[in-house]
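Below is run-v5.txt, holding compact mmCIF, C-alpha atoms.
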```
# COMPACT_ATOMS: atom_id res chain seq x y z
CA MET V 204 95.90 151.97 236.19
CA THR V 205 98.01 148.84 236.33
CA ASN V 206 100.88 148.34 233.92
CA ARG V 207 98.93 145.55 232.27
CA THR V 208 95.95 147.84 231.58
CA ILE V 209 98.24 150.46 230.15
CA ARG V 210 99.88 147.88 227.90
CA ILE V 211 96.52 146.69 226.56
CA TRP V 212 95.33 150.23 225.79
CA THR V 213 98.68 150.97 224.19
CA LEU V 214 98.25 147.95 221.91
CA ILE V 215 94.71 149.08 221.01
CA HIS V 216 96.01 152.56 220.24
CA LYS V 217 98.87 151.22 218.16
CA TRP V 218 96.89 148.84 215.99
CA THR V 219 93.72 150.86 215.44
CA SER V 220 95.95 153.82 214.49
CA LEU V 221 98.23 151.84 212.23
CA ILE V 222 95.32 150.41 210.26
CA CYS V 223 93.46 153.67 209.73
CA THR V 224 96.26 156.27 209.56
CA LEU V 225 96.98 156.18 205.82
CA PHE V 226 93.26 156.38 204.98
CA MET V 227 92.80 159.17 207.52
CA LEU V 228 95.67 161.09 205.91
CA LEU V 229 93.92 160.67 202.56
CA LEU V 230 90.64 161.92 204.08
CA CYS V 231 92.28 164.91 205.79
CA LEU V 232 94.17 165.92 202.64
CA THR V 233 91.19 165.57 200.28
CA GLY V 234 88.89 167.11 202.90
CA LEU V 235 90.95 170.29 203.04
CA PRO V 236 89.91 171.64 199.60
CA LEU V 237 86.40 170.20 200.07
CA ILE V 238 85.84 172.49 203.10
CA PHE V 239 86.07 175.42 200.66
CA HIS V 240 84.27 173.80 197.73
CA ASP V 241 81.66 176.62 197.58
CA GLU V 242 84.36 179.29 197.43
CA ILE V 243 86.50 177.34 194.94
CA GLU V 244 83.54 176.66 192.66
CA ALA V 245 82.48 180.31 192.83
CA LEU V 246 85.97 181.27 191.62
CA THR V 247 85.93 178.90 188.67
CA GLU V 248 82.31 179.42 187.59
CA GLU V 249 81.25 183.00 187.06
CA ASP V 250 77.77 183.86 188.27
CA ASN V 251 75.76 183.93 185.08
CA LEU V 252 72.36 184.86 186.45
CA PRO V 253 71.30 187.72 184.14
CA SER V 254 70.06 190.82 185.90
CA MET V 255 66.34 191.47 185.43
CA PRO V 256 63.87 193.75 187.24
CA ALA V 257 63.28 192.52 190.79
CA GLU V 258 59.55 192.03 190.25
CA THR V 259 59.94 189.82 187.14
CA PRO V 260 57.31 187.11 187.52
CA LEU V 261 58.51 183.54 187.94
CA LYS V 262 57.56 180.73 185.58
CA SER V 263 56.09 177.54 186.97
CA LEU V 264 58.08 174.59 188.22
CA ASP V 265 56.37 172.45 185.55
CA GLU V 266 57.83 174.74 182.87
CA ALA V 267 61.28 174.44 184.47
CA VAL V 268 61.02 170.64 184.43
CA ALA V 269 59.86 170.74 180.78
CA SER V 270 62.85 172.89 179.92
CA ALA V 271 65.26 170.37 181.47
CA LEU V 272 63.53 167.45 179.70
CA ALA V 273 63.75 169.30 176.38
CA THR V 274 67.52 169.45 176.84
CA TYR V 275 67.77 165.74 177.70
CA PRO V 276 65.07 164.09 175.56
CA GLY V 277 63.97 160.63 176.63
CA GLU V 278 64.98 161.20 180.26
CA ARG V 279 62.68 161.54 183.25
CA PRO V 280 62.73 164.04 186.11
CA LEU V 281 64.26 162.70 189.34
CA PHE V 282 64.74 165.66 191.66
CA LEU V 283 64.03 169.37 191.77
CA SER V 284 65.79 171.48 194.40
CA PHE V 285 65.52 175.16 195.25
CA ASP V 286 68.45 177.56 195.46
CA GLU V 287 68.55 179.36 198.78
CA ASP V 288 68.94 182.98 197.73
CA ARG V 289 68.12 183.31 194.03
CA PRO V 290 65.25 182.39 191.70
CA VAL V 291 66.94 179.23 190.48
CA VAL V 292 65.89 175.60 190.65
CA ASN V 293 68.12 172.62 189.94
CA VAL V 294 66.42 169.84 187.99
CA THR V 295 68.03 166.39 187.95
CA THR V 296 67.06 164.08 185.10
CA GLY V 297 68.14 160.57 184.18
CA PRO V 298 67.34 157.64 181.88
CA THR V 299 65.73 155.58 184.67
CA ALA V 300 64.27 156.30 188.11
CA ARG V 301 67.43 155.23 189.95
CA PRO V 302 70.39 155.52 187.58
CA PRO V 303 74.02 155.67 188.70
CA VAL V 304 75.13 159.22 189.47
CA SER V 305 77.28 159.22 186.32
CA GLN V 306 74.13 159.01 184.17
CA MET V 307 72.29 161.84 185.91
CA HIS V 308 72.07 165.35 184.47
CA ILE V 309 71.63 168.37 186.70
CA SER V 310 70.43 171.62 185.12
CA ALA V 311 70.39 174.93 186.98
CA ILE V 312 67.34 176.73 185.61
CA ASP V 313 66.48 180.43 185.86
CA LEU V 314 62.86 180.43 187.09
CA ARG V 315 62.17 183.81 185.43
CA THR V 316 62.94 182.56 181.93
CA THR V 317 63.23 178.73 182.36
CA ARG V 318 66.56 179.08 180.56
CA ILE V 319 69.27 176.68 181.61
CA LEU V 320 72.05 178.65 183.31
CA ALA V 321 74.51 175.81 183.69
CA ASP V 322 74.70 172.07 183.69
CA LEU V 323 76.17 170.92 186.95
CA ASN V 324 77.32 167.56 185.63
CA ASP V 325 80.69 167.84 187.24
CA ASP V 326 82.13 164.39 186.77
CA GLN V 327 85.70 165.41 186.20
CA GLY V 328 88.02 168.15 187.38
CA PHE V 329 90.02 168.56 190.57
CA MET V 330 87.13 169.00 193.00
CA HIS V 331 85.29 165.98 191.65
CA VAL V 332 88.38 163.80 192.10
CA MET V 333 88.82 165.12 195.67
CA LEU V 334 85.18 164.39 196.45
CA ARG V 335 85.25 160.83 195.10
CA LEU V 336 88.54 160.03 196.88
CA HIS V 337 87.04 161.40 200.07
CA VAL V 338 83.66 159.66 199.82
CA ASP V 339 84.41 156.23 198.39
CA MET V 340 87.87 156.17 196.72
CA PHE V 341 86.06 155.55 193.39
CA ALA V 342 84.85 152.19 194.78
CA GLY V 343 81.13 152.91 195.22
CA LEU V 344 79.19 151.70 198.24
CA PRO V 345 81.84 149.16 199.38
CA GLY V 346 84.44 151.94 199.34
CA GLU V 347 82.11 154.19 201.30
CA LEU V 348 81.43 151.57 203.98
CA PHE V 349 85.14 150.71 204.15
CA LEU V 350 86.03 154.33 204.87
CA GLY V 351 83.24 154.34 207.46
CA PHE V 352 84.93 151.42 209.19
CA MET V 353 88.26 153.24 209.06
CA GLY V 354 86.51 156.19 210.72
CA PHE V 355 85.30 153.87 213.45
CA LEU V 356 88.89 152.69 213.98
CA LEU V 357 89.92 156.34 214.25
CA PHE V 358 87.33 156.72 217.00
CA LEU V 359 88.83 153.74 218.86
CA ALA V 360 92.33 155.13 218.32
CA THR V 361 91.25 158.50 219.73
CA LEU V 362 89.57 156.89 222.74
CA SER V 363 92.58 154.69 223.54
CA GLY V 364 94.82 157.72 222.99
CA VAL V 365 92.93 159.58 225.73
CA VAL V 366 93.35 156.62 228.10
CA ILE V 367 97.12 156.38 227.63
CA TYR V 368 97.43 160.17 227.78
CA ALA V 369 97.14 159.80 231.58
CA PRO V 370 100.31 157.74 232.23
CA PHE V 371 102.26 160.00 229.85
CA MET V 372 101.21 163.12 231.70
CA ARG V 373 101.60 161.80 235.25
CA LYS V 374 104.53 164.12 235.95
CA LEU V 375 104.06 166.77 233.29
CA SER V 376 101.97 169.91 233.46
CA PHE V 377 99.37 170.41 230.72
CA GLY V 378 100.74 171.58 227.38
CA THR V 379 104.38 170.63 228.03
CA VAL V 380 106.40 170.35 224.80
CA ARG V 381 110.02 169.31 225.44
CA ALA V 382 111.52 170.51 222.17
CA GLY V 383 115.12 170.85 223.28
CA ARG V 384 116.10 167.21 223.85
CA SER V 385 115.52 164.46 221.30
CA ARG V 386 113.50 164.78 218.13
CA ARG V 387 111.36 161.85 219.22
CA LEU V 388 110.52 163.43 222.56
CA LYS V 389 109.50 166.65 220.84
CA TRP V 390 107.13 164.83 218.49
CA LEU V 391 105.79 162.64 221.29
CA ASP V 392 104.84 165.71 223.32
CA LEU V 393 103.36 167.44 220.27
CA HIS V 394 101.36 164.32 219.37
CA ASN V 395 99.95 164.14 222.91
CA MET V 396 99.26 167.87 223.22
CA LEU V 397 97.62 168.26 219.78
CA GLY V 398 95.69 165.03 220.25
CA ILE V 399 94.18 166.08 223.54
CA VAL V 400 93.26 169.67 222.53
CA THR V 401 91.59 168.67 219.24
CA LEU V 402 89.92 165.63 220.86
CA MET V 403 86.27 166.71 220.66
CA TRP V 404 86.52 168.12 217.13
CA VAL V 405 88.18 164.93 215.86
CA VAL V 406 85.56 162.76 217.58
CA VAL V 407 82.61 164.77 216.22
CA VAL V 408 83.95 165.12 212.66
CA GLY V 409 85.04 161.46 212.68
CA LEU V 410 81.79 160.01 213.95
CA THR V 411 79.58 162.22 211.77
CA GLY V 412 81.74 161.09 208.85
CA VAL V 413 81.01 157.49 209.81
CA ILE V 414 77.26 158.23 209.95
CA ASN V 415 77.47 159.86 206.50
CA THR V 416 78.99 156.67 205.06
CA LEU V 417 75.84 154.85 206.21
CA SER V 418 73.59 157.12 204.15
CA VAL V 419 72.73 154.54 201.49
CA PRO V 420 71.69 151.76 203.91
CA LEU V 421 69.89 154.24 206.20
CA VAL V 422 67.80 155.70 203.37
CA ALA V 423 67.06 152.19 202.11
CA TYR V 424 65.90 151.24 205.62
CA TRP V 425 63.73 154.36 205.85
CA ARG V 426 62.20 153.57 202.46
CA ALA V 427 61.47 149.95 203.43
CA ASN V 428 59.88 150.88 206.76
CA GLU V 429 58.62 154.43 207.26
CA LEU V 430 57.89 155.13 203.61
CA ALA V 431 56.34 151.70 203.05
CA ALA V 432 53.95 152.34 205.95
CA MET V 433 52.99 155.75 204.54
CA ILE V 434 52.11 154.36 201.12
CA ALA V 435 50.58 151.02 202.17
CA PRO V 436 47.30 151.73 200.30
CA TYR V 437 49.28 152.07 197.05
CA GLU V 438 50.96 148.71 197.24
CA GLY V 439 50.93 146.82 193.95
CA LYS V 440 49.59 149.74 191.93
CA PRO V 441 51.42 150.42 188.66
CA MET V 442 53.38 153.64 188.13
CA PRO V 443 51.10 156.49 187.09
CA GLU V 444 50.94 157.22 183.36
CA HIS V 445 50.17 160.88 183.70
CA PHE V 446 51.67 163.17 186.25
CA ALA V 447 49.82 165.95 188.01
CA SER V 448 51.30 169.43 188.24
CA VAL V 449 54.45 169.84 190.33
CA ASP V 450 53.44 173.35 191.34
CA ALA V 451 50.08 172.11 192.61
CA ALA V 452 51.85 169.35 194.56
CA VAL V 453 54.14 171.92 196.24
CA ARG V 454 51.13 174.13 197.09
CA THR V 455 49.26 171.15 198.57
CA ALA V 456 52.28 170.17 200.66
CA MET V 457 52.80 173.71 201.96
CA GLU V 458 49.14 173.99 202.93
CA ALA V 459 49.54 170.78 204.94
CA ALA V 460 52.61 172.17 206.73
CA PRO V 461 52.16 175.89 207.40
CA GLY V 462 55.40 177.75 208.09
CA MET V 463 57.60 175.28 206.23
CA ARG V 464 59.32 175.74 202.90
CA PRO V 465 60.19 173.16 200.24
CA GLN V 466 63.84 172.08 200.12
CA PHE V 467 63.55 169.60 197.29
CA ILE V 468 61.05 167.46 195.44
CA ALA V 469 61.67 163.79 194.75
CA PHE V 470 59.79 162.50 191.72
CA PRO V 471 58.00 159.12 191.61
CA GLY V 472 60.33 156.12 191.67
CA VAL V 473 63.47 157.70 193.10
CA ARG V 474 65.24 156.74 196.31
CA PHE V 475 63.58 159.51 198.33
CA SER V 476 60.01 158.93 197.13
CA SER V 477 57.53 156.16 196.36
CA ASN V 478 56.56 154.92 192.91
CA HIS V 479 53.31 156.88 193.04
CA HIS V 480 54.16 160.14 194.72
CA TYR V 481 55.86 163.42 194.58
CA ALA V 482 57.73 163.61 197.87
CA VAL V 483 57.94 167.27 198.78
CA TRP V 484 60.68 167.55 201.42
CA LEU V 485 59.86 170.53 203.61
CA LYS V 486 62.19 172.37 205.95
CA GLY V 487 61.56 174.65 208.90
CA ALA V 488 61.84 178.40 208.44
CA THR V 489 64.19 179.18 211.34
CA PRO V 490 67.97 178.50 211.42
CA ALA V 491 67.43 175.88 214.15
CA THR V 492 64.71 174.00 212.25
CA ASN V 493 65.76 174.39 208.61
CA ARG V 494 67.96 171.30 208.82
CA ILE V 495 65.06 169.14 209.90
CA LEU V 496 63.22 167.82 206.85
CA THR V 497 59.68 166.49 206.74
CA PRO V 498 58.51 164.64 203.63
CA ALA V 499 54.94 165.26 202.40
CA LEU V 500 53.69 162.68 199.93
CA ILE V 501 51.43 163.96 197.14
CA ASP V 502 49.73 161.46 194.81
CA ALA V 503 51.52 162.05 191.51
CA GLU V 504 48.45 161.09 189.45
CA THR V 505 45.65 162.97 191.23
CA GLY V 506 47.63 165.63 193.10
CA ALA V 507 45.89 164.63 196.34
CA PHE V 508 47.63 164.78 199.70
CA THR V 509 48.52 161.27 200.98
CA ASP V 510 50.58 161.54 204.16
CA MET V 511 53.25 163.49 205.99
CA ARG V 512 55.51 162.23 208.78
CA SER V 513 58.52 163.67 210.50
CA MET V 514 61.77 161.84 210.01
CA PRO V 515 62.74 159.04 212.39
CA TRP V 516 65.77 159.57 214.66
CA TYR V 517 68.26 157.83 212.37
CA MET V 518 67.34 160.05 209.42
CA LEU V 519 67.62 163.08 211.70
CA ALA V 520 71.07 161.90 212.79
CA LEU V 521 72.05 161.47 209.15
CA ARG V 522 70.77 164.94 208.34
CA LEU V 523 72.59 166.64 211.24
CA SER V 524 75.77 164.71 210.50
CA GLN V 525 76.21 166.62 207.26
CA PRO V 526 76.85 170.15 208.61
CA LEU V 527 78.77 168.79 211.63
CA HIS V 528 81.08 166.91 209.27
CA PHE V 529 81.39 169.58 206.55
CA GLY V 530 81.76 172.63 208.83
CA ASP V 531 79.61 174.64 206.43
CA TYR V 532 77.11 176.04 208.92
CA GLY V 533 78.97 179.03 210.35
CA GLY V 534 80.25 181.12 207.48
CA LEU V 535 83.79 181.47 206.18
CA PRO V 536 85.45 181.91 209.62
CA MET V 537 84.15 178.49 210.66
CA LYS V 538 85.56 176.96 207.46
CA VAL V 539 88.97 178.49 208.22
CA LEU V 540 88.84 177.04 211.77
CA TRP V 541 87.82 173.69 210.26
CA ALA V 542 90.84 173.84 207.94
CA VAL V 543 93.26 174.66 210.78
CA LEU V 544 91.88 171.80 212.90
CA ASP V 545 92.19 169.54 209.85
CA VAL V 546 95.87 170.51 209.48
CA LEU V 547 96.45 169.86 213.21
CA THR V 548 94.89 166.42 212.69
CA ILE V 549 97.31 165.77 209.82
CA ILE V 550 100.19 166.65 212.19
CA ILE V 551 98.79 164.22 214.79
CA LEU V 552 98.52 161.43 212.20
CA GLY V 553 101.98 162.11 210.77
CA SER V 554 103.67 162.36 214.16
CA GLY V 555 101.95 159.15 215.29
CA LEU V 556 103.34 157.36 212.26
CA TYR V 557 106.80 158.89 212.89
CA LEU V 558 106.76 157.79 216.55
CA TRP V 559 105.92 154.22 215.54
CA VAL V 560 108.75 154.14 212.98
CA ALA V 561 111.23 155.79 215.36
CA ARG V 562 110.37 153.39 218.16
CA ARG V 563 110.72 150.33 215.94
CA ARG V 564 114.09 151.59 214.77
CA GLY V 565 115.13 152.28 218.37
CA ALA V 566 113.95 148.86 219.48
CA GLN V 567 115.93 147.19 216.71
CA GLU V 568 119.10 149.10 217.57
CA GLN V 569 119.01 148.07 221.21
CA ALA V 570 117.57 144.60 220.68
CA GLY V 571 117.35 142.72 223.92
CA ALA V 572 117.13 145.87 226.00
CA SER V 573 113.49 144.95 226.62
CA PRO V 574 111.74 148.24 226.02
CA GLY V 575 108.38 146.86 227.21
CA LEU V 576 106.44 149.34 229.23
CA ARG V 577 109.44 151.63 229.64
CA ALA V 578 109.14 152.47 225.96
CA VAL V 579 105.56 153.55 226.53
CA THR V 580 105.88 155.59 229.66
CA GLY V 581 109.63 155.67 230.23
CA GLU V 582 110.30 158.94 228.46
CA ALA V 583 107.45 160.73 230.10
CA ALA V 584 108.54 159.56 233.53
CA GLU V 585 112.23 160.23 233.08
CA MET D 118 107.51 173.15 235.65
CA LYS D 119 107.74 169.45 236.51
CA PRO D 120 105.85 168.39 239.61
CA ARG D 121 107.56 165.59 241.50
CA ALA D 122 104.62 163.59 242.83
CA PRO D 123 102.44 161.88 240.22
CA LEU D 124 99.48 164.07 239.31
CA PRO D 125 95.97 162.87 240.16
CA LEU D 126 93.60 162.25 237.21
CA PRO D 127 91.56 165.45 237.70
CA ALA D 128 94.78 167.45 237.38
CA ILE D 129 95.68 165.63 234.17
CA PHE D 130 92.25 165.81 232.55
CA GLY D 131 90.88 169.08 233.98
CA ILE D 132 92.03 171.41 231.21
CA PRO D 133 91.43 168.86 228.40
CA ALA D 134 87.87 168.33 229.65
CA ALA D 135 87.26 172.08 229.70
CA ILE D 136 88.58 172.39 226.11
CA ALA D 137 86.36 169.50 225.01
CA LEU D 138 83.34 171.16 226.60
CA VAL D 139 84.06 174.52 224.93
CA THR D 140 84.55 172.74 221.57
CA THR D 141 81.21 170.96 221.93
CA ALA D 142 79.49 174.25 222.72
CA GLY D 143 81.11 175.79 219.63
CA LEU D 144 79.96 172.95 217.41
CA VAL D 145 76.37 173.12 218.67
CA THR D 146 75.74 176.88 218.93
CA ALA D 147 76.22 177.57 215.22
CA LEU D 148 73.57 174.96 214.44
CA LEU D 149 70.96 176.81 216.49
CA ASP D 150 71.02 180.29 215.00
CA ASP D 151 72.94 182.66 212.76
CA GLY D 152 74.56 185.97 213.67
CA LEU D 153 75.61 186.16 217.32
CA MET D 154 75.55 182.38 217.70
CA ASP D 155 77.99 182.05 214.79
CA THR D 156 80.37 184.51 216.46
CA LEU D 157 80.20 182.56 219.74
CA SER D 158 80.92 179.40 217.79
CA TRP D 159 84.00 180.94 216.13
CA ALA D 160 85.32 182.04 219.52
CA ALA D 161 84.75 178.60 221.03
CA LEU D 162 86.31 176.68 218.13
CA SER D 163 89.35 178.97 218.28
CA VAL D 164 90.09 177.74 221.81
CA PRO D 165 91.74 174.39 220.92
CA ILE D 166 93.81 176.12 218.22
CA LEU D 167 94.91 178.94 220.54
CA VAL D 168 95.82 176.46 223.29
CA ALA D 169 97.95 174.49 220.80
CA ALA D 170 99.67 177.69 219.70
CA TRP D 171 100.27 178.66 223.35
CA ALA D 172 101.81 175.25 224.14
CA TRP D 173 104.09 175.53 221.11
CA ARG D 174 105.19 179.06 222.03
CA LYS D 175 106.16 178.10 225.56
CA ARG D 176 107.92 174.88 224.53
CA GLU D 177 111.09 173.91 226.41
CA ARG D 178 113.97 174.53 224.06
```
Starting from the file, lay out its structure as structure tokens.
Amino acid sequence: MTNRTIRIWTLIHKWTSLICTLFMLLLCLTGLPLIFHDEIEALTEEDNLPSMPAETPLKSLDEAVASALATYPGERPLFLSFDEDRPVVNVTTGPTARPPVSQMHISAIDLRTTRILADLNDDQGFMHVMLRLHVDMFAGLPGELFLGFMGFLLFLATLSGVVIYAPFMRKLSFGTVRAGRSRRLKWLDLHNMLGIVTLMWVVVVGLTGVINTLSVPLVAYWRANELAAMIAPYEGKPMPEHFASVDAAVRTAMEAAPGMRPQFIAFPGVRFSSNHHYAVWLKGATPATNRILTPALIDAETGAFTDMRSMPWYMLALRLSQPLHFGDYGGLPMKVLWAVLDVLTIIILGSGLYLWVARRRGAQEQAGASPGLRAVTGEAAE
Amino acid sequence: MKPRAPLPLPAIFGIPAAIALVTTAGLVTALLDDGLMDTLSWAALSVPILVAAWAWRKRER
């Protein structure tokens, strides 16, 4: 590598880092409690599922939806999702088909009694604030896309960091931390060492975070293309007046896709369905396939099967980006590892910021000493 | 500790590439299955953390 190449990559590393570092610190700090959101929520909300005999028959999904609508009169059902390991469904209702999240109501309903166990309308509290700061800084879609761009800058900063790692390490063995000389040298070595060992985790969590910020445009694109093609015969038809049974729709969908189980149902009009259909989103039954969703469209008026198509690659990427970003797919030990790697990332960000400040201060003190490239590689080569 | 001649690129990036590979394997295995695969994933994702701890322990004071 010529000195000129090194200088260009150093500039890329400096500026991409400087722009994104404060936002990345915010994301790492708010992300830390979010890794454990299941555990934290379990602590604050006691499990209120009453114990009943194991063979207690379950009520129908239609009755569960009716129970939610009775609690929020005048609203319409938007989504129904199934709890993984207990006879509970979560019914989301709202005043219109696509209301802002703040106007939605989510009721956890015991399928044995159709009693509402809890309303999950968590729009305040510590975890909600952490989530909003992490997702969009309370700025909606523009905030989300902005953080996505910051994540892309982090990717560039990481990439350029790997390139300039080489000249730094030309005469050092791997993992060297010179802690006994100057404070700056210690933090420089730590920054380089932590940066290079956490490289792949930072890249994967960063890029999957970027993909997650594109969720709204990606779903809109899917709706305008894939979904539009599936429901072409329904174009221009008004919304149905009467809705067929939800239970029958789920049965029809499961018959069309043997071996798959419903993950959630999107009601007519919402983002994940058409204006005329129940979209029953089915998942595979094995650990490897249960993240891959396939929507089956059931005519909401007649209950007839319309179409079923597997998700296109960009929806699959969106889907897989969730576990890879959240670290919630390998039990509590994985979450702990995620948290440690998150803390190491905070140290990398903080030390990077410190090195920039320290170097500026040093450059000002010895103005005219032309630090140039020496300031980049000088210490490592000394 | 400090080699005199400049190190060639493979010597600089050999261990980092191996760590990156192990991390990737750890991230992917847990997606595929539960149980044993999760345990493999925990072991693999511990590698970058353990290497960082090792480098800190043997720091030049």
>> Should the cut-off be 8 Å, what would the residue list for chain D against chain V look like, counting all atoms listed in the file, as a PyMOL selection string?
In response: chain D and resi 118-126+129-130+132-133+136-138+140-141+144+147-151+155+158-159+162-163+165-166+168-169+172-173+175-178
> Using only C-alpha atoms, which residue out of V:Leu410, V:Pro302, V:Arg563, V:Gly439 lies closest to Ser524 in chain V?
Replying inline: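 Using only C-alpha atoms, the shortest distance to Ser524 in chain V belongs to V:Leu410.
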> If you count all atoms listed in the file, which residues fall within 9 Å of range 327-340 of chain V, apart from same-chain ones fewer than 2 positions away, as an MDAnalysis selection string?
Replying inline: chainID V and resid 229:234 236:237 240 243:244 324:325 342:350 416
> Leaving out range 461-466 of chain V and any residue of its chain fewer than 4 positions from it, which residues lie within 12 Å of it when counting all atoms listed in the file, given as JSON, numbers by chain?
Replying inline: {"V": [282, 283, 284, 285, 286, 287, 292, 293, 449, 450, 452, 453, 454, 455, 456, 457, 482, 483, 484, 485, 486, 487, 488, 489, 492, 493, 494, 495, 496, 497, 498, 499]}
Those same residues, written as a PDB file, in the coordinates of the input with C-alpha atoms?
```pdb
ATOM      1  CA  PHE V 282      64.740 165.660 191.660  1.00  0.00           C
ATOM      2  CA  LEU V 283      64.030 169.370 191.770  1.00  0.00           C
ATOM      3  CA  SER V 284      65.790 171.480 194.400  1.00  0.00           C
ATOM      4  CA  PHE V 285      65.520 175.160 195.250  1.00  0.00           C
ATOM      5  CA  ASP V 286      68.450 177.560 195.460  1.00  0.00           C
ATOM      6  CA  GLU V 287      68.550 179.360 198.780  1.00  0.00           C
ATOM      7  CA  VAL V 292      65.890 175.600 190.650  1.00  0.00           C
ATOM      8  CA  ASN V 293      68.120 172.620 189.940  1.00  0.00           C
ATOM      9  CA  VAL V 449      54.450 169.840 190.330  1.00  0.00           C
ATOM     10  CA  ASP V 450      53.440 173.350 191.340  1.00  0.00           C
ATOM     11  CA  ALA V 452      51.850 169.350 194.560  1.00  0.00           C
ATOM     12  CA  VAL V 453      54.140 171.920 196.240  1.00  0.00           C
ATOM     13  CA  ARG V 454      51.130 174.130 197.090  1.00  0.00           C
ATOM     14  CA  THR V 455      49.260 171.150 198.570  1.00  0.00           C
ATOM     15  CA  ALA V 456      52.280 170.170 200.660  1.00  0.00           C
ATOM     16  CA  MET V 457      52.800 173.710 201.960  1.00  0.00           C
ATOM     17  CA  ALA V 482      57.730 163.610 197.870  1.00  0.00           C
ATOM     18  CA  VAL V 483      57.940 167.270 198.780  1.00  0.00           C
ATOM     19  CA  TRP V 484      60.680 167.550 201.420  1.00  0.00           C
ATOM     20  CA  LEU V 485      59.860 170.530 203.610  1.00  0.00           C
ATOM     21  CA  LYS V 486      62.190 172.370 205.950  1.00  0.00           C
ATOM     22  CA  GLY V 487      61.560 174.650 208.900  1.00  0.00           C
ATOM     23  CA  ALA V 488      61.840 178.400 208.440  1.00  0.00           C
ATOM     24  CA  THR V 489      64.190 179.180 211.340  1.00  0.00           C
ATOM     25  CA  THR V 492      64.710 174.000 212.250  1.00  0.00           C
ATOM     26  CA  ASN V 493      65.760 174.390 208.610  1.00  0.00           C
ATOM     27  CA  ARG V 494      67.960 171.300 208.820  1.00  0.00           C
ATOM     28  CA  ILE V 495      65.060 169.140 209.900  1.00  0.00           C
ATOM     29  CA  LEU V 496      63.220 167.820 206.850  1.00  0.00           C
ATOM     30  CA  THR V 497      59.680 166.490 206.740  1.00  0.00           C
ATOM     31  CA  PRO V 498      58.510 164.640 203.630  1.00  0.00           C
ATOM     32  CA  ALA V 499      54.940 165.260 202.400  1.00  0.00           C
TER      33      ALA V 499
END
```
>> Please return as a list in words every residue within 12 Å of (63.3, 152.0, 186.0), taking into account only C-alpha atoms and the file's own coordinates.
In response: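 Protein, DNA and RNA residues close to (63.3, 152.0, 186.0): Glu278, Arg279, Leu281, Gly297, Pro298, Thr299, Ala300, Arg301, Pro302, Pro303, Met442, Pro471, Gly472, Val473, Arg474 and Asn478 of chain V.
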>> Could you tell me how far CA of Thr213 in chain V sits from CA of Arg386 in chain V, in Å to one decimal place?
In response: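 So the two atoms, CA of Arg386 in chain V and CA of Thr213 in chain V, lie 21.1 Å apart.
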> With all atoms listed in the file as the atoms that count, which of V:Leu552, V:Leu261, V:Ile309, V:Cys223 lies nearest to Ala321 in chain V?
Replying inline: V:Ile309
Coordinates of box centre and edge lengths for range 444-455 of chain V, 3 Å on every side, axis-aligned, as lines of an AutoDock Vina configuration file:
```
center_x = 51.9
center_y = 165.7
center_z = 191.0
size_x = 11.2
size_y = 22.9
size_z = 21.2
```
> If we count all atoms listed in the file, what is near range 505-507 of chain V at a cut-off of 8 Å, once residues fewer than 2 positions away on the same chain are taken out, given as a ChimeraX atom specification?
Replying inline: /V:446-448,451-452,455,501-503,509
